[in-house]
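**Student:** File name input25.txt; file contents compact mmCIF, C-alpha atoms; full text below.
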# COMPACT_ATOMS: atom_id res chain seq x y z
CA MET Q 139 64.22 -53.28 77.21
CA THR Q 140 63.04 -50.54 79.52
CA PRO Q 141 59.44 -49.49 79.81
CA ASP Q 142 60.22 -46.18 78.10
CA SER Q 143 61.62 -48.01 75.08
CA ASP Q 144 58.50 -50.16 74.85
CA THR Q 145 56.30 -47.05 74.95
CA LYS Q 146 58.30 -45.30 72.23
CA THR Q 147 58.24 -48.40 70.05
CA ALA Q 148 54.45 -48.65 70.39
CA GLU Q 149 54.04 -44.97 69.53
CA LEU Q 150 56.25 -45.36 66.48
CA GLN Q 151 54.25 -48.35 65.38
CA ARG Q 152 50.98 -46.40 65.76
CA ALA Q 153 52.42 -43.45 63.90
CA PHE Q 154 53.68 -45.71 61.13
CA ALA Q 155 50.28 -47.39 60.89
CA MET Q 156 48.56 -44.01 60.73
CA PHE Q 157 51.02 -42.89 58.06
CA ASN Q 158 50.30 -45.99 56.04
CA GLN Q 159 46.56 -45.35 56.36
CA VAL Q 160 46.84 -41.69 55.33
CA SER Q 161 49.18 -42.69 52.49
CA ALA Q 162 46.66 -45.23 51.27
CA GLU Q 163 43.86 -42.67 51.45
CA LEU Q 164 45.97 -40.16 49.52
CA THR Q 165 46.76 -42.79 46.92
CA GLN Q 166 43.05 -43.56 46.51
CA ALA Q 167 42.20 -39.86 46.29
CA TYR Q 168 44.92 -39.32 43.70
CA GLU Q 169 43.66 -42.25 41.65
CA ALA Q 170 40.10 -40.91 41.84
CA LEU Q 171 41.37 -37.46 40.84
CA GLN Q 172 43.23 -38.95 37.91
CA THR Q 173 40.05 -40.80 36.85
CA ARG Q 174 38.06 -37.55 37.10
CA VAL Q 175 40.70 -35.61 35.15
CA THR Q 176 40.66 -38.26 32.46
CA SER Q 177 36.83 -38.09 32.31
CA LEU Q 178 36.81 -34.28 32.16
CA THR Q 179 39.51 -34.35 29.46
CA GLU Q 180 37.37 -36.66 27.39
CA GLU Q 181 34.26 -34.52 27.96
CA LEU Q 182 36.22 -31.38 27.08
CA ALA Q 183 37.50 -33.01 23.90
CA VAL Q 184 33.91 -33.93 22.94
CA ALA Q 185 32.71 -30.39 23.74
CA ASN Q 186 35.55 -28.87 21.75
CA GLY Q 187 34.70 -31.11 18.83
CA GLU Q 188 31.03 -30.08 18.99
CA LEU Q 189 31.95 -26.41 19.23
CA ARG Q 190 34.31 -26.81 16.29
CA ARG Q 191 31.59 -28.53 14.29
CA GLN Q 192 29.06 -25.80 15.13
CA TYR Q 193 31.59 -23.11 14.26
CA GLN Q 194 32.31 -24.77 10.93
CA GLU Q 195 28.56 -25.05 10.21
CA LYS Q 196 28.01 -21.40 11.10
CA GLU Q 197 31.01 -20.41 9.02
CA ALA Q 198 29.59 -22.33 6.06
CA LEU Q 199 26.14 -20.80 6.65
CA SER Q 200 27.68 -17.33 6.85
CA GLU Q 201 29.50 -17.92 3.56
CA ARG Q 202 26.28 -19.13 1.91
CA LEU Q 203 24.32 -16.14 3.22
CA SER Q 204 27.07 -13.79 2.11
CA SER Q 205 27.09 -15.34 -1.35
CA LEU Q 206 23.30 -15.17 -1.49
CA LEU Q 207 23.24 -11.48 -0.50
CA ASP Q 208 25.95 -10.71 -3.05
CA ALA Q 209 23.99 -12.49 -5.78
CA LEU Q 210 20.61 -11.05 -4.75
CA PRO Q 211 19.36 -8.56 -7.38
CA ALA Q 212 17.48 -6.61 -4.69
CA GLY Q 213 19.30 -4.18 -2.42
CA VAL Q 214 19.65 -5.09 1.26
CA VAL Q 215 20.48 -2.41 3.85
CA LEU Q 216 21.07 -3.20 7.53
CA LEU Q 217 20.33 -0.35 9.96
CA ASP Q 218 21.36 -0.32 13.61
CA ALA Q 219 19.16 0.91 16.45
CA ALA Q 220 20.08 4.53 15.62
CA ALA Q 221 19.04 4.07 11.92
CA VAL Q 222 22.69 4.25 10.83
CA VAL Q 223 23.65 2.10 7.84
CA ALA Q 224 25.71 -0.79 9.26
CA ALA Q 225 26.00 -3.06 6.22
CA VAL Q 226 24.82 -3.29 2.60
CA ASN Q 227 24.99 -5.77 -0.22
CA PRO Q 228 26.45 -4.96 -3.67
CA ALA Q 229 23.00 -4.28 -5.18
CA ALA Q 230 22.26 -1.61 -2.57
CA MET Q 231 25.75 -0.19 -3.02
CA ALA Q 232 25.11 0.09 -6.77
CA ILE Q 233 21.91 2.04 -6.08
CA PHE Q 234 23.14 4.42 -3.36
CA GLY Q 235 26.96 4.27 -3.55
CA ALA Q 236 29.57 2.76 -1.23
CA GLU Q 237 29.80 5.92 0.89
CA MET Q 238 26.37 5.21 2.42
CA ILE Q 239 27.91 2.89 5.05
CA GLY Q 240 28.10 4.74 8.34
CA GLN Q 241 25.59 7.41 7.28
CA HIS Q 242 22.16 7.93 8.81
CA TRP Q 243 19.48 6.36 6.61
CA GLY Q 244 17.46 9.59 6.66
CA ASP Q 245 20.39 11.46 5.09
CA VAL Q 246 20.80 8.75 2.44
CA ALA Q 247 17.07 8.83 1.61
CA ARG Q 248 16.98 12.64 1.35
CA ALA Q 249 20.02 12.66 -0.91
CA HIS Q 250 18.78 10.01 -3.36
CA LEU Q 251 15.00 9.43 -3.07
CA GLU Q 252 11.98 11.43 -4.18
CA PRO Q 253 8.46 10.46 -3.06
CA THR Q 254 5.80 9.23 -5.47
CA LEU Q 255 2.03 8.96 -5.26
CA THR Q 256 2.36 5.20 -4.69
CA VAL Q 257 2.91 4.16 -1.07
CA GLY Q 258 6.26 2.41 -0.63
CA GLU Q 259 7.67 3.51 -4.01
CA TRP Q 260 10.29 6.21 -4.60
CA LEU Q 261 11.99 7.86 -7.57
CA ILE Q 262 15.78 7.61 -7.75
CA GLY Q 263 17.29 9.33 -10.78
CA ASP Q 264 15.54 7.94 -13.85
CA GLY Q 265 14.50 4.80 -11.98
CA ARG Q 266 11.90 3.77 -9.44
CA VAL Q 267 12.36 1.57 -6.36
CA SER Q 268 10.10 0.03 -3.74
CA ILE Q 269 11.31 -0.21 -0.13
CA ALA Q 270 10.07 -2.76 2.41
CA GLU Q 271 11.38 -2.93 5.97
CA SER Q 272 11.58 -5.62 8.65
CA ALA Q 273 12.38 -4.97 12.29
CA LEU Q 274 15.17 -6.77 14.16
CA PRO Q 275 13.80 -6.98 17.73
CA SER Q 276 16.94 -8.47 19.25
CA ALA Q 277 19.32 -5.82 17.89
CA GLY Q 278 16.80 -2.98 17.73
CA GLY Q 279 17.62 -2.24 14.09
CA LYS Q 280 15.94 -2.82 10.74
CA ILE Q 281 16.56 -4.55 7.43
CA LEU Q 282 15.48 -2.65 4.31
CA LEU Q 283 14.76 -4.61 1.13
CA ILE Q 284 14.98 -2.42 -1.98
CA HIS Q 285 13.56 -3.58 -5.33
CA ASP Q 286 14.07 -1.85 -8.66
CA VAL Q 287 10.51 -1.58 -10.02
CA THR Q 288 11.31 0.72 -12.95
CA ALA Q 289 10.48 -1.89 -15.60
CA ALA Q 290 7.38 -3.06 -13.73
CA HIS Q 291 6.11 0.50 -13.41
CA ARG Q 292 6.65 1.15 -17.12
CA MET Q 293 4.82 -2.07 -17.95
CA LYS Q 294 1.97 -1.09 -15.63
CA THR Q 295 1.71 2.34 -17.26
CA GLU Q 296 1.76 0.78 -20.71
CA LEU Q 297 -0.85 -1.78 -19.66
CA GLU Q 298 -3.15 0.93 -18.33
CA ARG Q 299 -2.74 2.84 -21.60
CA ASN Q 300 -3.47 -0.29 -23.64
CA GLN Q 301 -6.49 -1.08 -21.48
CA ARG Q 302 -7.78 2.45 -22.02
CA LEU Q 303 -7.26 2.12 -25.78
CA ALA Q 304 -8.97 -1.26 -25.77
CA ALA Q 305 -11.88 0.21 -23.85
CA MET Q 306 -12.08 3.01 -26.41
CA GLY Q 307 -12.22 0.43 -29.20
CA GLU Q 308 -14.90 -1.62 -27.45
CA MET Q 309 -17.09 1.41 -26.86
CA ALA Q 310 -16.85 2.80 -30.41
CA ALA Q 311 -20.19 1.27 -31.40
CA SER Q 312 -21.86 2.48 -28.22
CA LEU Q 313 -20.41 5.94 -28.78
CA ALA Q 314 -21.86 6.09 -32.29
CA HIS Q 315 -25.28 5.21 -30.90
CA GLN Q 316 -24.95 7.69 -28.05
CA LEU Q 317 -24.04 10.48 -30.49
CA ARG Q 318 -26.61 9.59 -33.12
CA THR Q 319 -29.66 9.77 -30.86
CA PRO Q 320 -29.31 13.38 -29.58
CA LEU Q 321 -27.95 14.50 -32.96
CA ALA Q 322 -30.98 13.10 -34.80
CA ALA Q 323 -33.29 14.76 -32.29
CA ALA Q 324 -31.49 18.10 -32.64
CA LEU Q 325 -31.70 17.86 -36.45
CA LEU Q 326 -35.43 17.13 -36.25
CA TYR Q 327 -36.10 20.12 -34.01
CA THR Q 328 -33.96 22.49 -36.11
CA SER Q 329 -35.63 21.32 -39.32
CA ASN Q 330 -38.98 22.30 -37.82
CA LEU Q 331 -37.60 25.78 -37.20
CA GLY Q 332 -37.35 26.30 -40.94
CA GLN Q 333 -40.94 25.24 -41.67
CA PRO Q 334 -43.21 28.12 -42.80
CA GLY Q 335 -46.12 29.06 -40.62
CA VAL Q 336 -44.62 27.81 -37.36
CA ALA Q 337 -45.91 29.85 -34.44
CA ASP Q 338 -43.41 31.78 -32.35
CA GLU Q 339 -44.27 29.72 -29.27
CA ALA Q 340 -43.62 26.44 -31.12
CA ARG Q 341 -40.46 27.86 -32.69
CA ALA Q 342 -39.14 28.79 -29.21
CA ARG Q 343 -40.01 25.31 -27.94
CA PHE Q 344 -38.20 23.64 -30.87
CA SER Q 345 -35.20 25.89 -30.32
CA GLU Q 346 -35.06 25.07 -26.61
CA LYS Q 347 -35.28 21.33 -27.26
CA ALA Q 348 -32.60 21.48 -29.97
CA THR Q 349 -30.32 23.42 -27.63
CA GLY Q 350 -30.87 20.81 -24.90
CA GLN Q 351 -29.92 17.98 -27.24
CA LEU Q 352 -26.81 19.84 -28.40
CA ARG Q 353 -25.77 20.42 -24.78
CA ARG Q 354 -26.23 16.71 -24.16
CA LEU Q 355 -23.93 16.07 -27.10
CA GLU Q 356 -21.36 18.51 -25.74
CA ARG Q 357 -21.44 16.85 -22.30
CA LEU Q 358 -21.06 13.43 -23.85
CA ILE Q 359 -18.05 14.52 -25.95
CA GLN Q 360 -16.40 16.13 -22.90
CA ASP Q 361 -16.82 12.92 -20.90
CA VAL Q 362 -15.40 10.83 -23.74
CA LEU Q 363 -12.36 13.09 -24.07
CA LEU Q 364 -11.79 13.04 -20.31
CA PHE Q 365 -12.02 9.25 -20.20
CA ALA Q 366 -9.76 8.78 -23.21
CA ARG Q 367 -7.15 11.26 -22.04
CA GLY Q 368 -7.13 10.27 -18.41
CA GLU Q 369 -7.15 12.99 -15.78
CA SER Q 370 -3.78 14.70 -15.38
CA ILE Q 371 -2.55 14.44 -11.80
CA GLY Q 372 -1.13 17.54 -10.19
CA ARG Q 373 0.74 18.06 -6.93
CA ASP Q 374 -1.98 19.89 -5.00
CA VAL Q 375 -1.77 19.36 -1.25
CA ILE Q 376 -5.38 18.73 -0.19
CA GLU Q 377 -6.73 18.19 3.30
CA ALA Q 378 -9.22 15.33 3.03
CA GLY Q 379 -11.67 17.04 5.38
CA ASP Q 380 -11.69 20.15 3.18
CA LEU Q 381 -12.42 18.01 0.10
CA LEU Q 382 -15.40 16.44 1.89
CA ALA Q 383 -16.70 19.85 2.98
CA GLU Q 384 -16.35 21.30 -0.52
CA ALA Q 385 -18.20 18.40 -2.12
CA ALA Q 386 -20.90 18.48 0.57
CA GLN Q 387 -21.44 22.23 0.11
CA THR Q 388 -21.88 21.69 -3.64
CA VAL Q 389 -24.48 18.91 -3.48
CA GLU Q 390 -26.36 19.86 -0.31
CA PRO Q 391 -28.87 22.18 -2.13
CA LEU Q 392 -29.58 19.41 -4.64
CA MET Q 393 -30.15 16.93 -1.80
CA ARG Q 394 -32.71 19.26 -0.20
CA GLU Q 395 -34.39 19.78 -3.57
CA HIS Q 396 -34.79 16.00 -3.98
CA GLY Q 397 -36.11 15.61 -0.42
CA LEU Q 398 -33.12 13.59 0.79
CA GLU Q 399 -31.47 13.52 4.21
CA PHE Q 400 -27.75 14.24 3.83
CA ALA Q 401 -25.08 13.60 6.49
CA VAL Q 402 -21.30 14.12 6.51
CA VAL Q 403 -18.97 12.24 8.90
CA ASP Q 404 -15.37 13.49 8.93
CA ASP Q 405 -12.95 11.08 10.65
CA CYS Q 406 -10.03 11.97 8.37
CA GLU Q 407 -7.90 13.14 11.34
CA GLY Q 408 -6.39 15.93 9.26
CA ALA Q 409 -5.06 13.49 6.62
CA ILE Q 410 -3.48 14.99 3.50
CA ILE Q 411 -4.01 13.86 -0.12
CA VAL Q 412 -1.56 14.87 -2.85
CA GLY Q 413 -2.84 15.11 -6.43
CA SER Q 414 -5.37 16.97 -8.54
CA ARG Q 415 -7.98 18.77 -6.43
CA LYS Q 416 -10.20 19.36 -9.47
CA ALA Q 417 -10.15 15.68 -10.53
CA LEU Q 418 -10.79 14.33 -7.01
CA PHE Q 419 -13.57 16.85 -6.40
CA GLY Q 420 -15.21 15.90 -9.71
CA ALA Q 421 -15.00 12.18 -8.94
CA LEU Q 422 -16.49 12.66 -5.47
CA VAL Q 423 -19.35 14.85 -6.71
CA ASN Q 424 -20.02 12.26 -9.42
CA LEU Q 425 -20.41 9.54 -6.78
CA LEU Q 426 -22.73 11.78 -4.74
CA GLU Q 427 -24.88 12.62 -7.78
CA ASN Q 428 -25.17 8.93 -8.67
CA ALA Q 429 -26.32 8.17 -5.12
CA MET Q 430 -28.80 11.05 -5.26
CA GLN Q 431 -30.30 9.82 -8.53
CA ALA Q 432 -30.60 6.28 -7.17
CA THR Q 433 -32.33 7.26 -3.90
CA PRO Q 434 -36.05 8.07 -3.76
CA ALA Q 435 -37.35 11.10 -1.82
CA GLY Q 436 -37.24 10.58 1.94
CA GLY Q 437 -34.08 8.48 1.72
CA LYS Q 438 -30.67 9.17 3.21
CA ILE Q 439 -27.21 9.70 1.72
CA CYS Q 440 -24.07 9.73 3.84
CA LEU Q 441 -20.60 11.05 2.92
CA THR Q 442 -17.85 9.69 5.17
CA GLY Q 443 -14.09 10.05 5.40
CA LYS Q 444 -11.96 7.81 7.61
CA ARG Q 445 -8.21 7.36 7.94
CA ARG Q 446 -6.97 3.76 7.85
CA GLY Q 447 -3.22 3.84 8.49
CA ASP Q 448 -1.54 5.01 5.27
CA LEU Q 449 -4.87 5.19 3.42
CA ILE Q 450 -7.87 7.51 3.50
CA ALA Q 451 -11.26 5.93 2.74
CA ILE Q 452 -14.00 8.22 1.38
CA GLY Q 453 -17.39 6.55 1.26
CA VAL Q 454 -20.71 7.53 -0.37
CA SER Q 455 -23.61 5.40 0.87
CA ASP Q 456 -27.32 5.61 0.06
CA SER Q 457 -30.55 4.00 1.19
CA GLY Q 458 -31.71 3.35 -2.36
CA PRO Q 459 -32.81 0.06 -3.92
CA GLY Q 460 -29.26 -1.30 -4.13
CA ILE Q 461 -27.44 -2.72 -7.12
CA SER Q 462 -27.91 -6.26 -8.39
CA ARG Q 463 -24.88 -8.54 -8.73
CA GLU Q 464 -25.29 -8.58 -12.52
CA THR Q 465 -25.18 -4.79 -12.65
CA GLN Q 466 -22.26 -4.62 -10.18
CA ALA Q 467 -20.14 -6.67 -12.57
CA ARG Q 468 -20.52 -3.96 -15.26
CA ILE Q 469 -21.02 -0.81 -13.20
CA PHE Q 470 -17.58 0.65 -14.02
CA GLU Q 471 -17.72 -0.19 -17.74
CA PRO Q 472 -17.66 2.82 -20.10
CA PHE Q 473 -21.13 3.71 -21.49
CA PHE Q 474 -22.88 1.25 -19.20
CA THR Q 475 -25.74 3.11 -17.53
CA THR Q 476 -29.09 2.36 -15.93
CA LYS Q 477 -30.23 5.99 -16.39
CA GLY Q 478 -32.01 7.12 -19.52
CA GLN Q 479 -30.10 10.41 -19.88
CA GLY Q 480 -26.74 9.27 -18.48
CA THR Q 481 -23.56 8.99 -20.54
CA GLY Q 482 -22.35 5.93 -18.63
CA LEU Q 483 -18.87 7.44 -18.22
CA GLY Q 484 -19.13 9.02 -14.77
CA LEU Q 485 -18.10 5.98 -12.72
CA ALA Q 486 -15.46 4.95 -15.28
CA ILE Q 487 -13.89 8.42 -15.00
CA ALA Q 488 -14.10 8.38 -11.18
CA LEU Q 489 -12.36 5.00 -11.10
CA GLY Q 490 -9.67 6.31 -13.47
CA VAL Q 491 -9.09 9.33 -11.20
CA ALA Q 492 -8.75 7.10 -8.12
CA ARG Q 493 -6.29 4.76 -9.86
CA ALA Q 494 -4.25 7.67 -11.19
CA HIS Q 495 -3.81 8.79 -7.56
CA GLY Q 496 -2.64 5.31 -6.52
CA GLY Q 497 -6.05 4.36 -5.13
CA ALA Q 498 -9.18 2.42 -6.05
CA ILE Q 499 -12.98 2.42 -5.79
CA GLU Q 500 -14.93 -0.50 -4.33
CA LEU Q 501 -18.68 -1.09 -4.44
CA PHE Q 502 -20.58 -2.71 -1.56
CA SER Q 503 -24.25 -3.39 -2.22
CA GLU Q 504 -27.03 -5.90 -1.88
CA SER Q 505 -30.17 -5.65 -3.97
CA GLY Q 506 -32.83 -3.86 -1.92
CA ALA Q 507 -30.37 -2.74 0.79
CA GLY Q 508 -28.72 0.40 -0.57
CA ALA Q 509 -25.20 0.80 -1.93
CA GLU Q 510 -21.86 2.26 -0.87
CA PHE Q 511 -18.97 3.35 -3.09
CA VAL Q 512 -15.66 3.61 -1.18
CA MET Q 513 -12.73 5.47 -2.73
CA THR Q 514 -9.38 4.67 -1.06
CA LEU Q 515 -6.41 6.98 -1.60
CA PRO Q 516 -2.87 7.03 -0.18
CA VAL Q 517 -2.24 9.54 2.59
CA GLY Q 518 0.30 12.20 1.60
CA SER Q 519 2.37 14.74 3.51
CA ALA Q 520 2.33 18.52 3.56
CA GLU Q 521 5.61 18.47 1.62
CA GLY Q 522 3.79 16.95 -1.35
CA GLY Q 523 4.70 13.27 -1.09
CA THR Q 524 2.98 10.10 0.13
CA GLU Q 525 3.75 8.90 3.60
CA ASN Q 526 6.23 6.05 3.99
CA ASN Q 527 8.16 4.66 6.89
CA GLY Q 528 11.39 4.22 4.88
Let me see the structure of the file written as structure tokens.
**Tutor:**
Amino acid sequence: MTPDSDTKTAELQRAFAMFNQVSAELTQAYEALQTRVTSLTEELAVANGELRRQYQEKEALSERLSSLLDALPAGVVLLDAAAVVAAVNPAAMAIFGAEMIGQHWGDVARAHLEPTLTVGEWLIGDGRVSIAESALPSAGGKILLIHDVTAAHRMKTELERNQRLAAMGEMAASLAHQLRTPLAAALLYTSNLGQPGVADEARARFSEKATGQLRRLERLIQDVLLFARGESIGRDVIEAGDLLAEAAQTVEPLMREHGLEFAVVDDCEGAIIVGSRKALFGALVNLLENAMQATPAGGKICLTGKRRGDLIAIGVSDSGPGISRETQARIFEPFFTTKGQGTGLGLAIALGVARAHGGAIELFSESGAGAEFVMTLPVGSAEGGTENNG
């Protein structure tokens, strides 16, 4: 063989060896790739199985939630971020109609709901519903939960009536005593008027005393009738600050006469109260007069009004001797009084007025440290309804 042939043979051998090496490396890489593909296929199958399981669980949960919402007696309304009705359950559809889907909630509320004096409750036709809302931070919408409280409201009204009748029955004996005392006194004084030889001065004195006792009787009967009837609630739109000013103007001369310091603090922020101006004014003046009678000369009485969200709190505080815990337990009872000439109905009537307006009266007192009566009432709107975020 020639040298050139030897060289070519060697080159071919090297090329063949290199080919074998590359081929072996490719074979190994292919086998590794196959192993990886097999592993990924297995992992993908596991992942698909997990996803399928989760989907089936969510599907089952969705079906259960759907069945629950369908069976729920309360209405459920889903609002999107623009307050448009996105979904409802059958109970809500029965209340507002199927056409509400896609409408703005404000339009639905205006078409079907009328405000009441109770915060969160609305009239709808002959019924009454309460509406509670929960925000959905992730979606920016809200869920409204609507309960039919018609039966509960009727039961509450009936209960209040029965309680008032029961109170009237319990106080019958006290009423007889309250009437008998001034009546007997008036009869005694008038009988003296008919006695011969009575001087004109004594006759005038007997007449004046008889008239005073008869006026006491008249006041007592008026209070009883007011308590038994319950104050009728109107639709007056009252600015809370004006109510405070009116009551303050009425009692301020009496405060000066009794030597009392009187202060008014108006933090009502222009809040509106809807109801009976006459009844609320009477209840507030009653609280102020009670404080005045309980506070010795040189003391201080403060009338305050403060807005607390959807409520307005009107407080009457005094620097008097305070009210014992035993007396506090009975302070709102009809005919219970610590004053010799009182009818014992003033606070009971004031409490009835507050409750009729959807509010309440609370007493805060410690013996020897003064007392404060706080009347809380729902804030209304200038249109004549209570405020509500629904």
**Student:** As an exercise, work out the distance from CA of Ala488 in chain Q to CA of Arg373 in chain Q in Å and give it to one decimal place.
**Tutor:**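 Taking CA of Ala488 in chain Q as the start and CA of Arg373 in chain Q as the end point, the length is 18.2 Å.
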**Student:** Using all atoms listed in the file, which of the listed residues (Q:Ala304, Q:Ala429, Q:Leu255, Q:Val184) sits closest to Glu399 in chain Q?
**Tutor:**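 For Glu399 in chain Q, the nearest of the candidates is Q:Ala429.
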**Student:** Tell me which protein, DNA and RNA residues are within 9 Å of Gly397 in chain Q, counting all atoms listed in the file, leaving out same-chain ones fewer than 5 positions away, and put them as a list of chain:residue names.
**Tutor:**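 Near neighbours after the sequence-gap exclusion: Q:Leu392, Q:Pro434, Q:Ala435, Q:Gly436, Q:Gly437.
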**Student:** With a distance cut-off of 10 Å and all atoms listed in the file, select the neighbouring residues of range 242-249 of chain Q, excluding the residue or stretch itself and same-chain residues fewer than 5 positions from it, and output the selection as a list of chain:residue names.
**Tutor:**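 Once the adjacent positions are removed, what remains is Q:Val215, Q:Leu216, Q:Leu217, Q:Asp218, Q:Ala220, Q:Ala221, Q:Val222, Q:Val223, Q:Ala224, Q:Phe234, Q:Gly235, Q:Glu237, Q:Trp260, Q:Ile262, Q:Gly528.
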**Student:** Using all atoms listed in the file for the distances, tell me which of Q:His396, Q:Arg463, Q:Arg353, Q:Lys416 is nearest to Glu384 in chain Q.
**Tutor:** Q:Lys416
**Student:** Could you tell me how far CA of Leu297 in chain Q sits from CA of Arg493 in chain Q, in Å to one decimal place?
**Tutor:** 13.0 Å
**Student:** Tell me which protein, DNA and RNA residues are within 9 Å of Thr256 in chain Q, counting all atoms listed in the file, leaving out same-chain ones fewer than 5 positions away, and put them as a PyMOL selection string.
**Tutor:** chain Q and resi 495-497+516+524
**Student:** Using all atoms of range 223-241 of chain Q listed in the file and a margin of 3 Å per side, can you give the axis-aligned box centre and edge lengths in Å to one decimal, as lines of an AutoDock Vina configuration file?
**Tutor:**
center_x = 25.9
center_y = 0.8
center_z = 1.2
size_x = 13.9
size_y = 19.2
size_z = 22.0
**Student:** Show which residues sit within 9 Å of Ala492 in chain Q, as an mmCIF file with C-alpha atoms, in the coordinates of the input. Count only C-alpha atoms, and ignore same-chain residues fewer than 2 positions away.
**Tutor:**
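Heads up, here's the output in selection.cif:
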data_model
loop_
_atom_site.group_PDB
_atom_site.id
_atom_site.type_symbol
_atom_site.label_atom_id
_atom_site.label_comp_id
_atom_site.auth_asym_id
_atom_site.auth_seq_id
_atom_site.Cartn_x
_atom_site.Cartn_y
_atom_site.Cartn_z
ATOM 1 C CA LEU Q 418 -10.790 14.330 -7.010
ATOM 2 C CA ALA Q 421 -15.000 12.180 -8.940
ATOM 3 C CA ILE Q 487 -13.890 8.420 -15.000
ATOM 4 C CA ALA Q 488 -14.100 8.380 -11.180
ATOM 5 C CA LEU Q 489 -12.360 5.000 -11.100
ATOM 6 C CA GLY Q 490 -9.670 6.310 -13.470
ATOM 7 C CA ALA Q 494 -4.250 7.670 -11.190
ATOM 8 C CA HIS Q 495 -3.810 8.790 -7.560
ATOM 9 C CA GLY Q 496 -2.640 5.310 -6.520
ATOM 10 C CA GLY Q 497 -6.050 4.360 -5.130
ATOM 11 C CA ALA Q 498 -9.180 2.420 -6.050
ATOM 12 C CA ILE Q 499 -12.980 2.420 -5.790
ATOM 13 C CA MET Q 513 -12.730 5.470 -2.730
ATOM 14 C CA THR Q 514 -9.380 4.670 -1.060
ATOM 15 C CA LEU Q 515 -6.410 6.980 -1.600
#
**Student:** Write range 146-159 of chain Q as a PDB file, keeping the file's coordinate frame, completed to N, CA and C atoms.
**Tutor:**
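Saved result, rebuild.pdb, follows:
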ATOM      1  N   LYS Q 146      57.895 -45.995  73.463  1.00  0.00           N
ATOM      2  CA  LYS Q 146      58.300 -45.300  72.230  1.00  0.00           C
ATOM      3  C   LYS Q 146      58.104 -46.185  71.002  1.00  0.00           C
ATOM      4  N   THR Q 147      58.399 -47.473  71.175  1.00  0.00           N
ATOM      5  CA  THR Q 147      58.240 -48.400  70.050  1.00  0.00           C
ATOM      6  C   THR Q 147      56.763 -48.497  69.647  1.00  0.00           C
ATOM      7  N   ALA Q 148      55.892 -48.554  70.664  1.00  0.00           N
ATOM      8  CA  ALA Q 148      54.450 -48.650  70.390  1.00  0.00           C
ATOM      9  C   ALA Q 148      53.958 -47.384  69.683  1.00  0.00           C
ATOM     10  N   GLU Q 149      54.453 -46.220  70.156  1.00  0.00           N
ATOM     11  CA  GLU Q 149      54.040 -44.970  69.530  1.00  0.00           C
ATOM     12  C   GLU Q 149      54.503 -44.894  68.084  1.00  0.00           C
ATOM     13  N   LEU Q 150      55.737 -45.362  67.859  1.00  0.00           N
ATOM     14  CA  LEU Q 150      56.250 -45.360  66.480  1.00  0.00           C
ATOM     15  C   LEU Q 150      55.433 -46.270  65.572  1.00  0.00           C
ATOM     16  N   GLN Q 151      55.050 -47.405  66.156  1.00  0.00           N
ATOM     17  CA  GLN Q 151      54.250 -48.350  65.380  1.00  0.00           C
ATOM     18  C   GLN Q 151      52.879 -47.737  65.020  1.00  0.00           C
ATOM     19  N   ARG Q 152      52.278 -47.036  66.026  1.00  0.00           N
ATOM     20  CA  ARG Q 152      50.980 -46.400  65.760  1.00  0.00           C
ATOM     21  C   ARG Q 152      51.119 -45.288  64.716  1.00  0.00           C
ATOM     22  N   ALA Q 153      52.206 -44.533  64.860  1.00  0.00           N
ATOM     23  CA  ALA Q 153      52.420 -43.450  63.900  1.00  0.00           C
ATOM     24  C   ALA Q 153      52.644 -44.006  62.501  1.00  0.00           C
ATOM     25  N   PHE Q 154      53.403 -45.101  62.428  1.00  0.00           N
ATOM     26  CA  PHE Q 154      53.680 -45.710  61.130  1.00  0.00           C
ATOM     27  C   PHE Q 154      52.372 -46.242  60.502  1.00  0.00           C
ATOM     28  N   ALA Q 155      51.551 -46.859  61.398  1.00  0.00           N
ATOM     29  CA  ALA Q 155      50.280 -47.390  60.890  1.00  0.00           C
ATOM     30  C   ALA Q 155      49.380 -46.257  60.387  1.00  0.00           C
ATOM     31  N   MET Q 156      49.357 -45.151  61.141  1.00  0.00           N
ATOM     32  CA  MET Q 156      48.560 -44.010  60.730  1.00  0.00           C
ATOM     33  C   MET Q 156      49.075 -43.424  59.419  1.00  0.00           C
ATOM     34  N   PHE Q 157      50.428 -43.394  59.304  1.00  0.00           N
ATOM     35  CA  PHE Q 157      51.020 -42.890  58.060  1.00  0.00           C
ATOM     36  C   PHE Q 157      50.623 -43.762  56.875  1.00  0.00           C
ATOM     37  N   ASN Q 158      50.679 -45.073  57.119  1.00  0.00           N
ATOM     38  CA  ASN Q 158      50.300 -45.990  56.040  1.00  0.00           C
ATOM     39  C   ASN Q 158      48.842 -45.777  55.621  1.00  0.00           C
ATOM     40  N   GLN Q 159      47.967 -45.553  56.656  1.00  0.00           N
ATOM     41  CA  GLN Q 159      46.560 -45.350  56.360  1.00  0.00           C
ATOM     42  C   GLN Q 159      46.340 -44.063  55.566  1.00  0.00           C
TER      43      GLN Q 159
END
